[in-house]
file input.cif (mmCIF, C-alpha atoms)
data_start
#
loop_
_atom_site.label_atom_id
_atom_site.label_comp_id
_atom_site.auth_asym_id
_atom_site.auth_seq_id
_atom_site.Cartn_x
_atom_site.Cartn_y
_atom_site.Cartn_z
CA MET A 1 -0.30 162.92 104.24
CA LYS A 2 -2.96 163.03 106.93
CA THR A 3 -6.44 163.87 105.70
CA LEU A 4 -8.61 163.56 108.80
CA ALA A 5 -10.01 167.07 109.30
CA TYR A 6 -10.91 168.16 112.80
CA SER A 7 -12.91 171.25 113.67
CA ILE A 8 -13.13 171.50 117.43
CA ALA A 9 -16.51 172.88 118.43
CA ALA A 10 -15.26 174.49 121.63
CA ALA A 11 -11.73 175.66 120.87
CA THR A 12 -9.65 175.66 124.01
CA ALA A 13 -6.12 174.97 125.06
CA PHE A 14 -7.47 172.24 127.32
CA ALA A 15 -9.32 170.27 124.62
CA THR A 16 -10.08 166.67 125.50
CA ALA A 17 -11.34 163.62 123.63
CA ALA A 18 -14.74 164.17 125.21
CA GLN A 19 -15.30 167.41 123.31
CA ALA A 20 -17.54 167.54 120.29
CA GLU A 21 -15.66 167.34 117.01
CA ASP A 22 -16.68 167.77 113.38
CA ILE A 23 -14.97 164.83 111.71
CA THR A 24 -14.48 164.64 107.96
CA LEU A 25 -13.26 161.40 106.40
CA ARG A 26 -12.07 160.83 102.87
CA ILE A 27 -13.59 157.52 101.80
CA GLY A 28 -13.64 155.70 98.51
CA SER A 29 -12.76 152.86 96.19
CA GLY A 30 -11.49 152.36 92.70
CA HIS A 31 -14.75 150.53 91.99
CA PRO A 32 -18.02 152.32 91.13
CA PRO A 33 -21.12 152.22 93.38
CA GLY A 34 -22.67 149.65 91.02
CA VAL A 35 -20.30 147.09 92.57
CA VAL A 36 -22.18 145.81 95.62
CA TYR A 37 -19.60 146.48 98.31
CA ALA A 38 -18.88 150.01 97.03
CA GLY A 39 -22.59 150.75 96.97
CA LEU A 40 -22.86 149.45 100.53
CA MET A 41 -20.00 151.67 101.63
CA ILE A 42 -22.07 154.65 100.49
CA ASP A 43 -25.60 153.54 101.31
CA TYR A 44 -24.95 151.53 104.48
CA PHE A 45 -21.57 152.20 106.08
CA GLN A 46 -21.51 155.98 105.61
CA VAL A 47 -25.19 156.39 106.47
CA GLU A 48 -25.03 154.22 109.59
CA LEU A 49 -21.78 155.71 110.83
CA LYS A 50 -23.13 159.25 110.57
CA LYS A 51 -26.47 158.29 112.09
CA ARG A 52 -25.10 156.39 115.08
CA VAL A 53 -22.30 158.84 115.84
CA GLU A 54 -24.62 161.84 115.75
CA GLU A 55 -27.32 160.07 117.78
CA ARG A 56 -24.99 158.78 120.48
CA THR A 57 -22.23 161.38 120.72
CA GLU A 58 -21.71 165.13 120.34
CA HIS A 59 -19.58 164.60 117.21
CA THR A 60 -20.68 165.20 113.63
CA VAL A 61 -19.47 163.27 110.60
CA SER A 62 -19.11 164.21 106.95
CA PHE A 63 -17.44 162.46 104.03
CA VAL A 64 -15.40 163.40 101.00
CA GLU A 65 -16.25 160.61 98.56
CA GLY A 66 -13.81 159.17 96.07
CA TYR A 67 -15.48 156.25 94.31
CA SER A 68 -15.08 155.04 90.70
CA GLY A 69 -11.36 155.77 90.86
CA SER A 70 -11.88 159.51 91.31
CA ILE A 71 -9.16 159.68 93.97
CA VAL A 72 -7.28 156.39 93.54
CA LYS A 73 -7.57 153.61 90.96
CA VAL A 74 -8.54 150.04 91.84
CA THR A 75 -4.87 149.04 92.05
CA GLU A 76 -3.94 151.99 94.27
CA VAL A 77 -6.36 151.86 97.19
CA LEU A 78 -4.16 150.06 99.71
CA GLU A 79 -1.30 152.47 99.08
CA GLY A 80 -3.73 155.39 99.09
CA VAL A 81 -4.93 154.46 102.58
CA GLN A 82 -1.40 153.72 103.72
CA ASP A 83 -0.25 157.20 102.67
CA GLY A 84 -3.39 158.99 103.86
CA VAL A 85 -4.68 159.99 100.44
CA LEU A 86 -7.83 158.20 101.63
CA ASP A 87 -8.80 157.77 105.27
CA ILE A 88 -10.98 154.74 104.50
CA GLY A 89 -10.77 152.58 101.39
CA GLY A 90 -12.40 149.47 99.99
CA PHE A 91 -10.44 147.26 97.62
CA CYS A 92 -9.77 143.78 96.30
CA PHE A 93 -6.84 141.89 97.76
CA CYS A 94 -6.36 140.56 94.24
CA PHE A 95 -4.49 143.77 93.35
CA GLU A 96 -1.95 143.33 96.14
CA PRO A 97 0.01 140.12 95.44
CA SER A 98 3.16 141.59 97.01
CA ASN A 99 1.67 143.24 100.09
CA LEU A 100 -1.08 140.67 100.75
CA PRO A 101 0.00 137.45 99.03
CA LEU A 102 -2.08 135.16 101.27
CA HIS A 103 -5.25 137.21 101.72
CA ALA A 104 -6.88 135.90 98.54
CA PHE A 105 -6.81 132.42 100.07
CA GLN A 106 -10.35 131.46 99.04
CA VAL A 107 -9.46 132.14 95.41
CA MET A 108 -6.66 129.60 95.81
CA LEU A 109 -9.42 127.02 96.43
CA PRO A 110 -11.92 127.54 93.60
CA PHE A 111 -15.32 125.86 93.38
CA GLY A 112 -16.12 126.45 97.01
CA THR A 113 -19.47 127.55 98.40
CA MET A 114 -21.53 129.97 96.32
CA ASP A 115 -23.17 131.31 99.49
CA PRO A 116 -21.61 134.71 100.41
CA VAL A 117 -22.76 134.45 104.04
CA GLU A 118 -21.00 131.10 104.39
CA SER A 119 -17.96 132.43 102.53
CA LEU A 120 -17.67 135.26 105.04
CA GLU A 121 -18.05 132.90 108.00
CA ILE A 122 -15.35 130.63 106.58
CA ALA A 123 -13.05 133.63 106.20
CA LYS A 124 -13.77 134.71 109.77
CA ASP A 125 -12.82 131.23 111.01
CA VAL A 126 -9.50 131.51 109.20
CA TYR A 127 -8.73 135.04 110.42
CA LYS A 128 -9.47 133.95 113.99
CA GLU A 129 -6.92 131.15 113.79
CA VAL A 130 -4.26 133.09 111.86
CA PRO A 131 -3.58 136.50 113.48
CA TYR A 132 -1.10 137.45 110.74
CA LEU A 133 -4.00 138.11 108.37
CA THR A 134 -5.22 140.97 110.56
CA ASP A 135 -1.94 142.09 112.10
CA VAL A 136 -0.14 142.72 108.82
CA PHE A 137 -2.25 145.84 108.24
CA PRO A 138 -1.12 147.89 111.28
CA ASN A 139 2.30 146.24 111.53
CA GLU A 140 3.41 146.73 107.92
CA LEU A 141 0.87 148.85 106.02
CA ASN A 142 -0.06 151.72 108.38
CA GLN A 143 -3.74 150.83 108.41
CA VAL A 144 -6.36 148.91 110.35
CA LEU A 145 -8.63 146.29 108.80
CA LEU A 146 -12.19 147.39 109.47
CA ALA A 147 -14.12 144.76 107.52
CA ARG A 148 -13.76 141.76 105.29
CA ILE A 149 -15.98 141.89 102.23
CA ALA A 150 -17.77 138.91 100.67
CA ASP A 151 -18.55 138.85 96.97
CA GLY A 152 -21.44 137.18 95.20
CA GLY A 153 -20.74 133.80 93.62
CA TYR A 154 -18.45 133.98 90.58
CA ASN A 155 -19.49 132.61 87.20
CA LEU A 156 -18.30 133.19 83.64
CA GLY A 157 -19.84 135.62 81.17
CA THR A 158 -18.78 135.46 77.52
CA LYS A 159 -19.41 136.80 74.02
CA PHE A 160 -19.93 133.22 72.78
CA PRO A 161 -21.85 130.14 73.96
CA TRP A 162 -19.99 127.26 75.60
CA THR A 163 -20.94 124.08 77.43
CA THR A 164 -17.65 122.22 78.05
CA LEU A 165 -14.17 123.15 79.16
CA GLU A 166 -12.92 122.11 75.74
CA ASP A 167 -15.02 124.92 74.21
CA LEU A 168 -12.94 127.45 76.17
CA LYS A 169 -9.51 126.18 75.17
CA GLY A 170 -7.55 128.96 73.50
CA GLN A 171 -10.20 131.60 74.19
CA LYS A 172 -9.15 134.92 75.77
CA ILE A 173 -10.89 135.43 79.12
CA GLY A 174 -10.40 138.28 81.58
CA GLY A 175 -9.87 138.00 85.29
CA ALA A 176 -8.34 139.88 88.21
CA GLY A 177 -5.18 138.78 89.95
CA ILE A 178 -4.90 135.23 91.16
CA ASN A 179 -8.09 133.99 89.50
CA LEU A 180 -6.23 134.20 86.20
CA ASN A 181 -4.71 130.90 87.31
CA TRP A 182 -8.13 129.24 87.08
CA LEU A 183 -7.96 130.00 83.37
CA GLU A 184 -4.34 129.32 82.54
CA ASN A 185 -4.25 125.97 84.28
CA ALA A 186 -7.39 124.87 82.44
CA GLY A 187 -5.98 125.75 79.01
CA VAL A 188 -7.77 129.09 78.67
CA VAL A 189 -5.88 132.26 77.71
CA PRO A 190 -5.87 134.59 80.76
CA VAL A 191 -6.02 138.37 80.33
CA SER A 192 -5.45 140.61 83.35
CA SER A 193 -8.26 143.12 83.83
CA SER A 194 -10.59 144.69 86.39
CA LEU A 195 -14.23 145.67 86.64
CA ALA A 196 -13.30 149.29 86.00
CA THR A 197 -12.20 148.45 82.43
CA SER A 198 -14.13 145.24 81.70
CA TYR A 199 -16.98 146.74 79.66
CA THR A 200 -14.66 148.57 77.28
CA GLU A 201 -12.15 145.76 77.01
CA MET A 202 -14.76 143.13 76.25
CA SER A 203 -16.49 145.46 73.79
CA THR A 204 -13.25 146.12 71.91
CA GLY A 205 -12.09 142.51 71.81
CA VAL A 206 -9.25 142.65 74.33
CA TYR A 207 -10.86 139.46 75.62
CA ASP A 208 -14.09 137.58 74.95
CA GLY A 209 -15.30 136.76 78.44
CA PHE A 210 -14.85 137.73 82.06
CA ILE A 211 -14.97 135.91 85.41
CA MET A 212 -17.60 137.81 87.36
CA PHE A 213 -20.55 137.65 89.75
CA PRO A 214 -24.06 138.40 88.41
CA SER A 215 -24.44 141.77 90.17
CA ALA A 216 -21.72 143.28 88.01
CA TRP A 217 -23.06 141.61 84.87
CA VAL A 218 -26.35 143.39 85.52
CA ASN A 219 -25.37 146.65 87.22
CA LEU A 220 -22.44 147.47 84.94
CA LYS A 221 -24.31 146.21 81.86
CA LEU A 222 -21.67 143.66 80.98
CA TYR A 223 -24.49 141.69 79.38
CA GLU A 224 -24.27 144.10 76.43
CA PRO A 225 -20.83 142.95 75.21
CA GLY A 226 -21.28 139.54 76.89
CA PRO A 227 -24.66 138.02 76.00
CA TYR A 228 -23.88 134.57 77.46
CA TYR A 229 -23.64 133.86 81.19
CA ALA A 230 -22.70 130.35 82.35
CA LEU A 231 -23.40 129.26 85.93
CA ILE A 232 -20.10 127.47 86.47
CA GLY A 233 -19.98 128.21 90.21
CA PHE A 234 -16.38 129.18 90.93
CA GLY A 235 -17.46 130.15 94.44
CA SER A 236 -18.19 133.19 96.55
CA MET A 237 -14.90 134.77 97.61
CA THR A 238 -14.22 136.93 100.65
CA TRP A 239 -11.21 138.65 99.15
CA HIS A 240 -11.99 142.34 99.45
CA GLY A 241 -11.49 144.48 102.52
CA MET A 242 -12.16 147.92 103.95
CA THR A 243 -9.33 149.57 105.88
CA ILE A 244 -8.65 152.86 107.65
CA ASN A 245 -5.37 154.78 107.81
CA LYS A 246 -3.78 153.98 111.19
CA ASP A 247 -2.84 157.59 111.93
CA THR A 248 -6.43 158.60 111.29
CA TYR A 249 -7.73 155.73 113.41
CA ASP A 250 -5.44 156.53 116.34
CA SER A 251 -6.49 160.21 116.23
CA LEU A 252 -10.21 159.55 116.47
CA PRO A 253 -12.06 160.13 119.76
CA ASP A 254 -12.59 156.93 121.72
CA ASP A 255 -16.39 157.07 121.51
CA PHE A 256 -16.24 157.62 117.76
CA ARG A 257 -13.80 154.74 117.28
CA GLU A 258 -16.08 152.38 119.21
CA ILE A 259 -19.02 153.17 116.92
CA LEU A 260 -16.79 152.97 113.84
CA LEU A 261 -15.85 149.37 114.67
CA GLU A 262 -19.47 148.50 115.43
CA VAL A 263 -20.72 149.86 112.10
CA ALA A 264 -17.82 148.24 110.22
CA ALA A 265 -18.78 144.83 111.65
CA ASP A 266 -22.38 145.35 110.57
CA PHE A 267 -21.20 146.46 107.11
CA GLU A 268 -19.09 143.31 106.87
CA ALA A 269 -22.15 141.17 107.57
CA GLN A 270 -24.20 143.12 105.04
CA THR A 271 -21.79 142.27 102.23
CA GLY A 272 -22.68 138.61 102.71
CA ILE A 273 -26.39 139.15 103.35
CA VAL A 274 -27.01 141.47 100.39
CA ASN A 275 -24.99 139.43 97.90
CA LYS A 276 -26.80 136.26 98.96
CA ARG A 277 -30.22 137.88 98.81
CA GLU A 278 -29.61 139.42 95.41
CA TYR A 279 -27.97 136.47 93.63
CA ASP A 280 -31.09 134.62 92.45
CA ARG A 281 -32.89 137.84 91.57
CA LEU A 282 -29.99 139.04 89.44
CA VAL A 283 -29.59 135.69 87.66
CA ASN A 284 -33.31 135.77 86.87
CA GLU A 285 -32.94 139.32 85.59
CA LEU A 286 -30.14 138.14 83.31
CA ARG A 287 -32.38 135.36 82.00
CA GLY A 288 -34.67 138.07 80.66
CA LEU A 289 -31.79 139.87 78.96
CA ILE A 290 -29.36 137.26 77.64
CA THR A 291 -28.71 133.51 77.49
CA VAL A 292 -28.03 131.99 80.93
CA THR A 293 -26.72 128.42 80.89
CA GLU A 294 -26.96 125.82 83.65
CA LEU A 295 -23.82 123.74 83.12
CA ASP A 296 -23.57 120.01 83.69
CA PRO A 297 -21.94 119.41 87.13
CA ALA A 298 -19.34 117.31 85.31
CA VAL A 299 -17.95 120.49 83.74
CA ARG A 300 -17.34 121.95 87.18
CA GLN A 301 -15.78 118.67 88.27
CA ASP A 302 -13.45 118.59 85.26
CA TRP A 303 -12.36 122.18 85.80
CA ALA A 304 -11.68 121.61 89.51
CA GLU A 305 -9.63 118.51 88.74
CA SER A 306 -7.53 120.48 86.26
CA LEU A 307 -6.52 122.86 89.07
CA GLN A 308 -5.35 120.34 91.67
CA GLY A 309 -1.68 120.72 90.76
CA TRP A 310 -1.88 124.51 90.82
CA VAL A 311 -3.54 124.55 94.25
CA LYS A 312 -0.82 122.36 95.73
CA ALA A 313 1.98 124.35 94.07
CA THR A 314 0.50 127.65 95.27
CA ALA A 315 0.48 126.45 98.87
CA ALA A 316 4.07 125.24 98.60
CA ASP A 317 5.24 128.51 97.02
CA LEU A 318 3.70 130.65 99.75
CA GLU A 319 5.07 128.36 102.46
CA SER A 320 8.57 128.85 100.97
CA LYS A 321 8.11 132.59 101.58
CA GLY A 322 7.38 132.05 105.25
CA LEU A 323 3.59 132.33 105.04
CA PRO A 324 1.22 129.83 106.74
CA ALA A 325 -0.48 128.91 103.47
CA LYS A 326 -1.03 125.23 104.19
CA GLN A 327 -2.64 126.01 107.54
CA VAL A 328 -4.87 128.65 105.97
CA MET A 329 -5.96 126.54 103.01
CA ASN A 330 -6.69 123.50 105.15
CA LEU A 331 -8.71 125.70 107.49
CA VAL A 332 -10.81 126.82 104.51
CA LEU A 333 -11.44 123.24 103.41
CA ASP A 334 -12.33 122.12 106.93
CA SER A 335 -14.52 125.13 107.74
CA ALA A 336 -16.54 124.70 104.56
CA GLU A 337 -17.05 121.01 105.23
CA ALA A 338 -18.04 121.70 108.83
CA ARG A 339 -20.84 123.84 107.38
CA GLY A 340 -22.01 120.98 105.18
CA TYR A 341 -20.27 121.91 101.94
CA THR A 342 -18.95 119.15 99.67
CA TRP A 343 -16.05 120.13 97.44
CA PRO A 344 -16.16 118.82 93.85
CA VAL A 345 -12.49 118.03 94.41
CA ARG A 346 -11.08 117.79 97.92
CA TYR A 347 -7.77 119.53 97.16
CA ALA A 348 -4.74 117.87 98.76
CA ILE A 349 -2.69 120.59 100.48
CA GLU A 350 -0.72 118.33 102.88
#

call {"tool": "encode", "arguments": {"input": "input.cif", "output": "structure tokens"}}
result
Amino acid sequence: MKTLAYSIAAATAFATAAQAEDITLRIGSGHPPGVVYAGLMIDYFQVELKKRVEERTEHTVSFVEGYSGSIVKVTEVLEGVQDGVLDIGGFCFCFEPSNLPLHAFQVMLPFGTMDPVESLEIAKDVYKEVPYLTDVFPNELNQVLLARIADGGYNLGTKFPWTTLEDLKGQKIGGAGINLNWLENAGVVPVSSSLATSYTEMSTGVYDGFIMFPSAWVNLKLYEPGPYYALIGFGSMTWHGMTINKDTYDSLPDDFREILLEVAADFEAQTGIVNKREYDRLVNELRGLITVTELDPAVRQDWAESLQGWVKATAADLESKGLPAKQVMNLVLDSAEARGYTWPVRYAIE
């Protein structure tokens, strides 16, 4: 189903791409605007796209918004864009283990940099060297990758205090997709969840903690059911993306498409910049609301060491499916180190 709506300003049988068009795009995410990237889609991407297009071309732009799962749920965005239910969608690769099994590659290497700007640059290095990561979208999924999206650094919020990995053994902790392996392989009970349901599920005892960055702990008020926030430093992950339906993209006027790509690149950068800028402020805000714990670095070291076998097995499993996992994961390790980052455990990928 194609949802790009054109209203040609000067209707004529000889219409050309140079004519002014009123372009309406359905845009959204399963996540609410309180999640940083979704808020930036509304407040930055949509605003800048409309502004620049209408300043520099004869076209006009309007949006039909579908955030907070109002058009598609968090697990349905990729398929929604593929089928044209949305023209543009933002989503976590974590919900697409079949379609995008390698795109959550930074999550396969936990305890990396907590700097979202660096995380994004590392991801860009990897995408540059591995064309498959970009090409799979138009080649197999009827969409075009507009932007990679960096998240703030992940920590662990809970309903109970803890200071060692042993304190977490047997506890039920929520996560999304592949990061559940961080829990299971460390002896913690993993529970599959998402931000859209985390407040209710933690409040009702489905689980007693959630792997999450501080912006969500503040903006979605997760501090209410989870009054303890431990700065474990799982890393900032670039494992979300914003895509556009390929039929929609191919139908856009050339001058519009040029500005679309320009704004998307700026939006991509903003996801790193804003998350980095806001991290310390949000942690300090949490300190005024709940108990925030600075963990001993040895706890991080112990947890990373417990995941070495899983990291190696994950690379081998993806390689057996014909994916360049070892190349990708080694690129991540090398790119981070080239930027001065020291891993608590230098995972052996081979």

call {"tool": "resolve_selection", "arguments": {"input": "input.cif", "expression": "the PyMOL selection byres ((chain A and resi 125) around 12)", "output": "compact mmCIF listing (two decimals) with C-alpha atoms, in the coordinates of the input"}}
result
# COMPACT_ATOMS: atom_id res chain seq x y z
CA GLU A 118 -21.00 131.10 104.39
CA SER A 119 -17.96 132.43 102.53
CA LEU A 120 -17.67 135.26 105.04
CA GLU A 121 -18.05 132.90 108.00
CA ILE A 122 -15.35 130.63 106.58
CA ALA A 123 -13.05 133.63 106.20
CA LYS A 124 -13.77 134.71 109.77
CA VAL A 126 -9.50 131.51 109.20
CA TYR A 127 -8.73 135.04 110.42
CA LYS A 128 -9.47 133.95 113.99
CA GLU A 129 -6.92 131.15 113.79
CA VAL A 130 -4.26 133.09 111.86
CA PRO A 131 -3.58 136.50 113.48
CA LEU A 133 -4.00 138.11 108.37
CA THR A 238 -14.22 136.93 100.65
CA GLN A 327 -2.64 126.01 107.54
CA VAL A 328 -4.87 128.65 105.97
CA MET A 329 -5.96 126.54 103.01
CA ASN A 330 -6.69 123.50 105.15
CA LEU A 331 -8.71 125.70 107.49
CA VAL A 332 -10.81 126.82 104.51
CA LEU A 333 -11.44 123.24 103.41
CA ASP A 334 -12.33 122.12 106.93
CA SER A 335 -14.52 125.13 107.74
CA ALA A 336 -16.54 124.70 104.56
CA ALA A 338 -18.04 121.70 108.83
CA ARG A 339 -20.84 123.84 107.38

call {"tool": "resolve_selection", "arguments": {"input": "input.cif", "expression": "the PyMOL selection byres ((chain A and resi 193-197) around 6)", "output": "compact mmCIF listing (two decimals) with C-alpha atoms, keeping the file's coordinate frame"}}
result
# COMPACT_ATOMS: atom_id res chain seq x y z
CA GLY A 174 -10.40 138.28 81.58
CA GLY A 175 -9.87 138.00 85.29
CA ALA A 176 -8.34 139.88 88.21
CA SER A 192 -5.45 140.61 83.35
CA SER A 198 -14.13 145.24 81.70
CA TYR A 199 -16.98 146.74 79.66
CA THR A 200 -14.66 148.57 77.28

call {"tool": "residues_around", "arguments": {"input": "input.cif", "residues": "Thr293 of chain A", "least_positions_apart": "3", "cutoff": "10 Å", "atoms": "only C-alpha atoms", "output": "JSON, numbers by chain"}}
result
{"A": [157, 161, 162, 163, 228, 229, 230, 231, 232, 287, 290, 296]}

call {"tool": "closest_residue", "arguments": {"input": "input.cif", "among": "A:Glu166, A:Glu58, A:Asp87, A:Glu350", "to": "Val72 of chain A", "atoms": "all atoms listed in the file"}}
result
A:Asp87

call {"tool": "closest_residue", "arguments": {"input": "input.cif", "among": "A:Asn99, A:Asn219, A:Ser68, A:Thr248", "to": "Glu278 of chain A", "atoms": "all atoms listed in the file"}}
result
A:Asn219

call {"tool": "resolve_selection", "arguments": {"input": "input.cif", "expression": "the PyMOL selection byres ((chain A and resi 285) around 12)", "output": "list in words"}}
result
Pro214, Ser215, Trp217, Val218, Asn219, Lys221, Tyr223, Tyr229, Glu278, Tyr279, Asp280, Arg281, Leu282, Val283, Asn284, Leu286, Arg287, Gly288, Leu289, Ile290, Thr291 and Val292 of chain A

call {"tool": "closest_residue", "arguments": {"input": "input.cif", "among": "A:Gln308, A:Gln171, A:Gln301, A:Gln82", "to": "Glu140 of chain A", "atoms": "all atoms listed in the file"}}
result
A:Gln82

call {"tool": "closest_residue", "arguments": {"input": "input.cif", "among": "A:Thr134, A:Leu86, A:Cys92, A:Trp310", "to": "Glu184 of chain A", "atoms": "all atoms listed in the file"}}
result
A:Trp310

call {"tool": "residues_around", "arguments": {"input": "input.cif", "residues": "segment 151-153 of chain A", "least_positions_apart": "2", "cutoff": "8 Å", "atoms": "only C-alpha atoms", "output": "PyMOL selection string"}}
result
chain A and resi 36-37+113-116+149+155+213-215+233-240+271-272+275-276+279

call {"tool": "write_last_selection", "arguments": {"input": "input.cif", "atoms": "C-alpha atoms", "output": "PDB file, in the coordinates of the input"}}
result
ATOM      1  CA  VAL A  36     -22.180 145.810  95.620  1.00  0.00           C
ATOM      2  CA  TYR A  37     -19.600 146.480  98.310  1.00  0.00           C
ATOM      3  CA  THR A 113     -19.470 127.550  98.400  1.00  0.00           C
ATOM      4  CA  MET A 114     -21.530 129.970  96.320  1.00  0.00           C
ATOM      5  CA  ASP A 115     -23.170 131.310  99.490  1.00  0.00           C
ATOM      6  CA  PRO A 116     -21.610 134.710 100.410  1.00  0.00           C
ATOM      7  CA  ILE A 149     -15.980 141.890 102.230  1.00  0.00           C
ATOM      8  CA  ASN A 155     -19.490 132.610  87.200  1.00  0.00           C
ATOM      9  CA  PHE A 213     -20.550 137.650  89.750  1.00  0.00           C
ATOM     10  CA  PRO A 214     -24.060 138.400  88.410  1.00  0.00           C
ATOM     11  CA  SER A 215     -24.440 141.770  90.170  1.00  0.00           C
ATOM     12  CA  GLY A 233     -19.980 128.210  90.210  1.00  0.00           C
ATOM     13  CA  PHE A 234     -16.380 129.180  90.930  1.00  0.00           C
ATOM     14  CA  GLY A 235     -17.460 130.150  94.440  1.00  0.00           C
ATOM     15  CA  SER A 236     -18.190 133.190  96.550  1.00  0.00           C
ATOM     16  CA  MET A 237     -14.900 134.770  97.610  1.00  0.00           C
ATOM     17  CA  THR A 238     -14.220 136.930 100.650  1.00  0.00           C
ATOM     18  CA  TRP A 239     -11.210 138.650  99.150  1.00  0.00           C
ATOM     19  CA  HIS A 240     -11.990 142.340  99.450  1.00  0.00           C
ATOM     20  CA  THR A 271     -21.790 142.270 102.230  1.00  0.00           C
ATOM     21  CA  GLY A 272     -22.680 138.610 102.710  1.00  0.00           C
ATOM     22  CA  ASN A 275     -24.990 139.430  97.900  1.00  0.00           C
ATOM     23  CA  LYS A 276     -26.800 136.260  98.960  1.00  0.00           C
ATOM     24  CA  TYR A 279     -27.970 136.470  93.630  1.00  0.00           C
TER      25      TYR A 279
END

call {"tool": "closest_residue", "arguments": {"input": "input.cif", "among": "A:Leu307, A:Val77, A:Ala147, A:Met212", "to": "Glu262 of chain A", "atoms": "only C-alpha atoms"}}
result
A:Ala147

call {"tool": "atom_distance", "arguments": {"input": "input.cif", "atom1": "atom CA of Pro225 of chain A", "atom2": "atom CA of Thr158 of chain A"}}
result
8.1 Å

call {"tool": "closest_residue", "arguments": {"input": "input.cif", "among": "A:Tyr132, A:Phe63, A:Phe93, A:Tyr347", "to": "Thr75 of chain A", "atoms": "all atoms listed in the file"}}
result
A:Phe93

call {"tool": "atom_distance", "arguments": {"input": "input.cif", "atom1": "atom CA of Val345 of chain A", "atom2": "atom CA of Ala304 of chain A"}}
result
6.1 Å

call {"tool": "atom_distance", "arguments": {"input": "input.cif", "atom1": "atom CA of Leu146 of chain A", "atom2": "atom CA of Pro32 of chain A"}}
result
19.9 Å

call {"tool": "residues_around", "arguments": {"input": "input.cif", "residues": "Asn181 of chain A", "least_positions_apart": "2", "cutoff": "10 Å", "atoms": "only C-alpha atoms", "output": "count of residues only"}}
result
18

call {"tool": "residues_around", "arguments": {"input": "input.cif", "residues": "Ser70 of chain A", "least_positions_apart": "6", "cutoff": "9 Å", "atoms": "only C-alpha atoms", "output": "JSON, numbers by chain"}}
result
{"A": [28, 29, 30]}

call {"tool": "axis_aligned_box", "arguments": {"input": "input.cif", "around": "segment 332-341 of chain A", "padding_each_side": "5 Å", "output": "lines of an AutoDock Vina configuration file"}}
result
center_x = -16.4
center_y = 123.9
center_z = 105.4
size_x = 21.2
size_y = 15.8
size_z = 16.9

call {"tool": "residues_around", "arguments": {"input": "input.cif", "residues": "Leu49 of chain A", "least_positions_apart": "3", "cutoff": "9 Å", "atoms": "all atoms listed in the file", "output": "PDB file with C-alpha atoms, in the frame of the given file"}}
result
ATOM      1  CA  TYR A  44     -24.950 151.530 104.480  1.00  0.00           C
ATOM      2  CA  PHE A  45     -21.570 152.200 106.080  1.00  0.00           C
ATOM      3  CA  GLN A  46     -21.510 155.980 105.610  1.00  0.00           C
ATOM      4  CA  ARG A  52     -25.100 156.390 115.080  1.00  0.00           C
ATOM      5  CA  VAL A  53     -22.300 158.840 115.840  1.00  0.00           C
ATOM      6  CA  GLU A  54     -24.620 161.840 115.750  1.00  0.00           C
ATOM      7  CA  VAL A  61     -19.470 163.270 110.600  1.00  0.00           C
ATOM      8  CA  ILE A 259     -19.020 153.170 116.920  1.00  0.00           C
ATOM      9  CA  LEU A 260     -16.790 152.970 113.840  1.00  0.00           C
ATOM     10  CA  GLU A 262     -19.470 148.500 115.430  1.00  0.00           C
ATOM     11  CA  VAL A 263     -20.720 149.860 112.100  1.00  0.00           C
ATOM     12  CA  ALA A 264     -17.820 148.240 110.220  1.00  0.00           C
TER      13      ALA A 264
END
